[in-house]
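Peer 1: Dropping in my_file.cif, with mmCIF, C-alpha atoms.
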data_entry
loop_
_atom_site.label_atom_id
_atom_site.label_comp_id
_atom_site.auth_asym_id
_atom_site.auth_seq_id
_atom_site.Cartn_x
_atom_site.Cartn_y
_atom_site.Cartn_z
CA MET A 61 107.81 109.33 137.10
CA SER A 62 107.18 110.71 133.62
CA PHE A 63 103.69 110.81 132.09
CA GLN A 64 103.28 108.98 128.81
CA ILE A 65 100.54 109.38 126.19
CA ALA A 66 100.58 106.77 123.41
CA ILE A 67 98.62 107.40 120.20
CA ASP A 68 98.41 104.54 117.71
CA GLY A 69 96.49 104.15 114.50
CA PRO A 70 96.68 103.72 110.73
CA SER A 71 98.31 106.08 108.24
CA GLY A 72 96.41 109.33 107.68
CA ALA A 73 94.26 109.24 110.82
CA GLY A 74 95.78 112.50 112.04
CA LYS A 75 98.04 111.08 114.75
CA SER A 76 100.98 113.43 114.22
CA THR A 77 98.85 116.57 113.87
CA ILE A 78 96.92 115.79 117.06
CA ALA A 79 100.01 114.71 119.00
CA LYS A 80 101.90 117.90 118.10
CA ARG A 81 98.96 120.07 119.12
CA LEU A 82 98.49 118.30 122.46
CA ALA A 83 102.22 118.32 123.20
CA ASN A 84 102.20 122.07 122.73
CA GLU A 85 99.12 122.54 124.92
CA LEU A 86 100.42 120.29 127.71
CA SER A 87 104.12 121.24 127.41
CA PHE A 88 105.02 117.60 126.70
CA VAL A 89 107.80 116.41 124.41
CA TYR A 90 106.37 115.20 121.11
CA VAL A 91 108.15 112.13 119.75
CA ASP A 92 107.31 111.58 116.08
CA THR A 93 108.18 107.89 115.71
CA GLY A 94 106.96 107.83 112.12
CA ALA A 95 109.49 110.54 111.24
CA MET A 96 112.23 108.41 112.80
CA TYR A 97 111.27 105.41 110.64
CA ARG A 98 111.11 107.71 107.62
CA ALA A 99 114.61 109.01 108.38
CA MET A 100 115.90 105.43 108.35
CA ALA A 101 114.08 104.80 105.08
CA LEU A 102 115.65 107.93 103.60
CA TYR A 103 119.08 106.52 104.45
CA PHE A 104 118.23 103.21 102.74
CA LEU A 105 116.93 105.12 99.72
CA ARG A 106 120.07 107.23 99.44
CA GLU A 107 122.25 104.13 99.76
CA GLN A 108 120.09 102.40 97.10
CA ILE A 109 119.35 99.46 99.38
CA ALA A 110 116.38 97.41 98.14
CA PRO A 111 113.50 97.14 100.65
CA GLU A 112 113.56 93.32 100.42
CA ASP A 113 117.30 93.11 101.20
CA GLU A 114 117.02 92.50 104.94
CA PRO A 115 120.71 91.61 105.53
CA ALA A 116 121.85 94.90 103.94
CA ILE A 117 119.23 96.85 105.88
CA SER A 118 120.31 95.22 109.17
CA ARG A 119 123.95 96.11 108.45
CA ALA A 120 122.99 99.68 107.56
CA CYS A 121 121.20 100.13 110.90
CA GLU A 122 124.59 100.01 112.60
CA LYS A 123 125.67 103.09 110.65
CA ILE A 124 122.57 105.14 111.36
CA ASP A 125 122.12 107.63 114.19
CA ILE A 126 118.77 109.37 114.56
CA THR A 127 118.12 112.08 117.12
CA LEU A 128 115.40 114.65 117.75
CA LYS A 129 116.26 118.27 118.40
CA TYR A 130 114.18 121.41 118.86
CA GLN A 131 115.22 124.46 116.86
CA ASP A 132 113.14 127.62 117.30
CA GLY A 133 110.30 125.52 118.70
CA VAL A 134 110.29 123.15 115.72
CA GLN A 135 111.23 119.51 116.15
CA CYS A 136 113.98 118.50 113.74
CA VAL A 137 114.87 114.94 112.85
CA LEU A 138 118.62 114.55 112.53
CA LEU A 139 119.95 111.68 110.43
CA ASN A 140 123.65 111.28 111.20
CA GLY A 141 123.68 114.96 112.16
CA GLU A 142 121.75 116.23 109.11
CA ASN A 143 118.35 117.89 109.50
CA VAL A 144 116.19 115.81 107.12
CA ASN A 145 112.78 117.37 107.85
CA ALA A 146 112.57 118.59 104.24
CA TYR A 147 113.00 115.10 102.76
CA ILE A 148 111.20 112.58 104.95
CA ARG A 149 107.60 113.45 104.00
CA ALA A 150 107.97 112.38 100.37
CA GLU A 151 105.53 109.63 99.38
CA ASN A 152 108.25 107.19 98.30
CA VAL A 153 110.01 107.61 101.66
CA GLY A 154 106.76 106.84 103.53
CA ILE A 155 106.14 103.72 101.46
CA LEU A 156 109.72 102.51 102.04
CA ALA A 157 109.45 103.25 105.76
CA SER A 158 106.37 101.02 105.99
CA ALA A 159 108.10 98.25 104.02
CA THR A 160 111.32 98.29 106.10
CA SER A 161 109.74 98.80 109.52
CA VAL A 162 108.95 95.06 109.60
CA TYR A 163 112.61 94.17 110.15
CA PRO A 164 113.77 93.39 113.73
CA ALA A 165 116.99 95.42 113.42
CA VAL A 166 115.09 98.54 112.37
CA ARG A 167 112.52 98.23 115.15
CA ALA A 168 115.06 97.38 117.85
CA LYS A 169 117.20 100.40 117.00
CA LEU A 170 114.36 102.90 117.17
CA THR A 171 112.38 101.35 120.02
CA ALA A 172 115.40 101.67 122.33
CA LEU A 173 115.78 105.36 121.52
CA GLN A 174 112.05 106.03 121.95
CA GLN A 175 111.92 104.29 125.33
CA LYS A 176 114.95 106.26 126.52
CA LEU A 177 113.23 109.53 125.64
CA ALA A 178 110.09 108.48 127.53
CA GLN A 179 111.97 107.62 130.71
CA THR A 180 113.13 111.17 131.33
CA ASN A 181 110.40 113.35 129.75
CA ASN A 182 106.64 113.71 129.77
CA VAL A 183 105.97 112.49 126.26
CA ILE A 184 103.31 112.14 123.60
CA MET A 185 104.34 109.48 121.15
CA ASP A 186 102.45 108.41 118.06
CA GLY A 187 102.95 105.44 115.78
CA ARG A 188 101.57 101.97 115.19
CA ASP A 189 102.86 99.96 118.14
CA ILE A 190 103.40 102.55 120.88
CA GLY A 191 100.74 101.36 123.33
CA THR A 192 101.33 97.69 122.55
CA CYS A 193 105.15 97.53 122.39
CA VAL A 194 107.12 100.74 122.87
CA LEU A 195 105.26 102.17 125.89
CA PRO A 196 103.16 99.27 127.23
CA ASP A 197 102.79 101.05 130.60
CA ALA A 198 101.66 104.43 129.21
CA GLN A 199 99.08 106.09 131.46
CA VAL A 200 96.97 107.09 128.44
CA LYS A 201 96.58 105.01 125.29
CA ILE A 202 94.58 106.15 122.28
CA TYR A 203 93.75 104.25 119.10
CA LEU A 204 93.01 106.97 116.54
CA THR A 205 91.43 105.85 113.30
CA ALA A 206 89.28 107.08 110.39
CA ASP A 207 87.61 105.68 107.28
CA VAL A 208 89.98 104.93 104.38
CA SER A 209 88.12 107.44 102.18
CA ALA A 210 88.47 110.19 104.79
CA ARG A 211 92.19 109.51 105.17
CA ALA A 212 92.76 109.44 101.40
CA LYS A 213 90.87 112.75 100.98
CA ARG A 214 93.03 114.40 103.67
CA ARG A 215 96.24 113.23 102.01
CA TYR A 216 94.99 114.29 98.57
CA ASP A 217 94.08 117.77 99.85
CA GLU A 218 97.43 118.07 101.60
CA LEU A 219 99.36 117.32 98.40
CA VAL A 220 97.20 119.65 96.28
CA LYS A 221 97.72 122.44 98.81
CA LYS A 222 101.49 121.98 98.43
CA GLY A 223 101.11 122.21 94.66
CA GLU A 224 102.15 118.59 94.14
CA ALA A 225 100.61 116.13 91.70
CA ALA A 226 98.00 113.95 93.40
CA ASP A 227 96.01 110.94 92.25
CA TYR A 228 93.17 110.19 94.69
CA ALA A 229 92.66 106.59 93.52
CA GLN A 230 96.37 105.83 93.87
CA ILE A 231 96.53 107.46 97.32
CA GLU A 232 93.55 105.38 98.49
CA ALA A 233 95.13 102.19 97.10
CA ASP A 234 98.45 103.00 98.82
CA ILE A 235 96.68 103.58 102.15
CA LYS A 236 94.83 100.25 101.90
CA GLU A 237 98.07 98.45 101.07
CA ARG A 238 99.91 100.15 103.95
CA ASP A 239 97.09 99.30 106.38
CA TYR A 240 97.23 95.64 105.38
CA ARG A 241 101.01 95.47 105.68
CA ASP A 242 101.05 97.28 109.03
CA MET A 243 98.30 95.08 110.47
CA HIS A 244 99.73 91.78 109.23
CA ARG A 245 103.46 92.16 109.85
CA GLU A 246 105.00 89.55 112.14
CA ILE A 247 106.69 91.99 114.51
CA ALA A 248 104.59 94.54 116.41
CA PRO A 249 101.58 94.66 114.06
CA LEU A 250 99.21 97.62 114.18
CA LYS A 251 96.36 96.84 116.56
CA GLN A 252 94.39 98.50 119.31
CA ALA A 253 95.88 97.85 122.76
CA LYS A 254 93.39 96.23 125.15
CA ASP A 255 93.42 99.30 127.41
CA ALA A 256 93.39 101.91 124.60
CA VAL A 257 90.46 104.23 124.00
CA LEU A 258 89.14 104.14 120.41
CA VAL A 259 88.72 107.59 118.81
CA ASP A 260 87.29 107.78 115.27
CA SER A 261 88.28 111.05 113.54
CA SER A 262 86.34 110.45 110.28
CA ASN A 263 83.80 113.19 111.03
CA LEU A 264 85.76 115.28 113.55
CA ASP A 265 88.07 118.21 112.96
CA ILE A 266 91.47 118.63 114.63
CA ALA A 267 90.13 120.75 117.49
CA GLN A 268 87.38 118.22 118.29
CA VAL A 269 89.77 115.25 118.31
CA SER A 270 92.24 117.18 120.49
CA ALA A 271 89.47 118.04 122.96
CA VAL A 272 88.39 114.38 123.22
CA ILE A 273 91.93 113.15 123.90
CA ARG A 274 92.71 116.01 126.30
CA GLU A 275 89.66 115.09 128.36
CA ILE A 276 90.88 111.47 128.53
CA TYR A 277 94.32 112.72 129.63
CA GLU A 278 92.91 115.04 132.31
CA LYS A 279 90.86 112.21 133.85
CA ALA A 280 93.93 109.94 133.91
CA ALA A 281 96.18 112.66 135.37
CA LYS A 282 93.60 113.42 138.05
CA GLY A 283 93.41 109.74 138.96
CA GLN A 284 97.18 109.55 139.28
CA ALA A 285 97.55 112.70 141.42
#
Once more with this new file: its structure as structure tokens, please.
Peer 2:
Amino acid sequence: MSFQIAIDGPSGAGKSTIAKRLANELSFVYVDTGAMYRAMALYFLREQIAPEDEPAISRACEKIDITLKYQDGVQCVLLNGENVNAYIRAENVGILASATSVYPAVRAKLTALQQKLAQTNNVIMDGRDIGTCVLPDAQVKIYLTADVSARAKRRYDELVKKGEAADYAQIEADIKERDYRDMHREIAPLKQAKDAVLVDSSNLDIAQVSAVIREIYEKAAKGQA
């Protein structure tokens, strides 16, 4: 049986960074579910489909194929065969991904693919409903969070480092709005699974958070051996 680590939490808590690091350390497959939702959003954006047009979005899902592939040790997200890593991190794509992830057709499409990956590989998967919906039987579940101000500062610094224009107040407002939407959506809202361990990264660096989660994993793996 494969070993599954589910990391959930709000935007900007460091889920992807931590998951990638741990996957590398443990030789697990890292499944970036957020990138998969962003790839779908990129398709909708390119096709100029409005985020509130659920019928059009549902129809478009039938035309979308998203796969993950490793090239030179880097995970690439392929949208209908095209490597879209360079496009999916844009702020407008992230906002659209959050807005369209509420639709059943979008979630059903990606959940099936994510579950298939987890059946045949030891995986670390991060997102907002991994421990509650996608991998409800995961041996390790983490709810990784941080203060809104800490998350906004990280995103601001990230954009500045890339040389992009950044407005801290707008970033903080966007994060608050995304949190509310993710936590109040009808299907698979963001929440801590009953058996998930809460880890607050507000005052911890990447190495410290990784060490905390690795210790939780090692205890679980020992118990299963």
Peer 1: Env of segment 78-92 of chain A: 8 Å cut, atoms = only C-alpha atoms, seq-sep filter 2 positions within chain, self excluded. Answer as a ChimeraX atom specification.
Peer 2: /A:67,74-76,94-96,128,174,181-187,266,269-270,274
Peer 1: Suppose you want the space between atom CA of Ala248 of chain A and atom CA of Ile202 of chain A; what is it in Å?
Peer 2: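 These two atoms are separated by 16.4 Å.
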Peer 1: When distances are computed from all atoms listed in the file, which of A:Ile190, A:Ala168, A:Met100, A:Val220 shows the smallest separation from Leu138 of chain A?
Peer 2: A:Met100
Peer 1: Need to verify the contact set: Arg245 of chain A, 9 Å, only C-alpha atoms, exclusion of same-chain residues closer than 5 positions in sequence. Can you return it as a PDB file with C-alpha atoms, in the coordinates of the input?
Peer 2:
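result_26.pdb was written with the following content:
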ATOM      1  CA  VAL A 162     108.950  95.060 109.600  1.00  0.00           C
ATOM      2  CA  TYR A 240      97.230  95.640 105.380  1.00  0.00           C
ATOM      3  CA  LEU A 250      99.210  97.620 114.180  1.00  0.00           C
TER       4      LEU A 250
END
Peer 1: Provide the atom CA of Ala210 of chain A to atom CA of Pro111 of chain A distance in Å, to one decimal place.
Peer 2: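 Answer for the atom CA of Ala210 of chain A to atom CA of Pro111 of chain A separation: 28.5 Å.
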Peer 1: Looking at A:Ala233, A:Ala157, A:Lys169, A:Val194, which one is nearest to Asp125 of chain A, with distances taken over all atoms listed in the file?
Peer 2: A:Lys169
Peer 1: Rank nothing, just name the residue among A:Asp132, A:Asp234, A:Glu114, A:Asp68 nearest to Thr192 of chain A, using only C-alpha atoms.
Peer 2: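 Among the listed residues, A:Asp68 lies closest to Thr192 of chain A.
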Peer 1: Could you tell me how far atom CA of Val259 of chain A sits from atom CA of Ala198 of chain A, in Å to one decimal place?
Peer 2: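 Interatomic distance, atom CA of Ala198 of chain A to atom CA of Val259 of chain A: 16.9 Å.
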Peer 1: Give me the result of the PyMOL selection byres ((chain A and resi 151) around 12) on this file, residue by residue, as a list of chain:residue names.
Peer 2: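 In the shown coordinates, the PyMOL selection byres ((chain A and resi 151) around 12) covers A:Ser71, A:Arg98, A:Ala101, A:Leu102, A:Tyr147, A:Ile148, A:Arg149, A:Ala150, A:Asn152, A:Val153, A:Gly154, A:Ile155, A:Leu156, A:Ala157, A:Ser158, A:Arg215, A:Tyr216, A:Glu218, A:Leu219, A:Glu224, A:Ala225, A:Ala226, A:Asp227, A:Gln230, A:Ile231, A:Asp234, A:Ile235, A:Arg238.
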Peer 1: Would you write out, as a VMD selection string, every residue that the PyMOL selection byres ((chain A and resi 107) around 12) captures in this file?
Peer 2: chain A and resid 100 to 106 108 to 111 116 to 117 119 to 121 123 to 124
Peer 1: Residues within 9 Å of Lys201 of chain A, please, as number ranges by chain. Count only C-alpha atoms; anything in the same chain fewer than 5 positions from it doesn't count.
Peer 2: A: 64-68, 190-191, 196, 253, 255-258
Peer 1: Using all atoms listed in the file, pick whichever of A:Phe63, A:Tyr97, A:Tyr130, A:Tyr277 has the shortest atom-to-atom distance to Leu195 of chain A.
Peer 2: A:Phe63
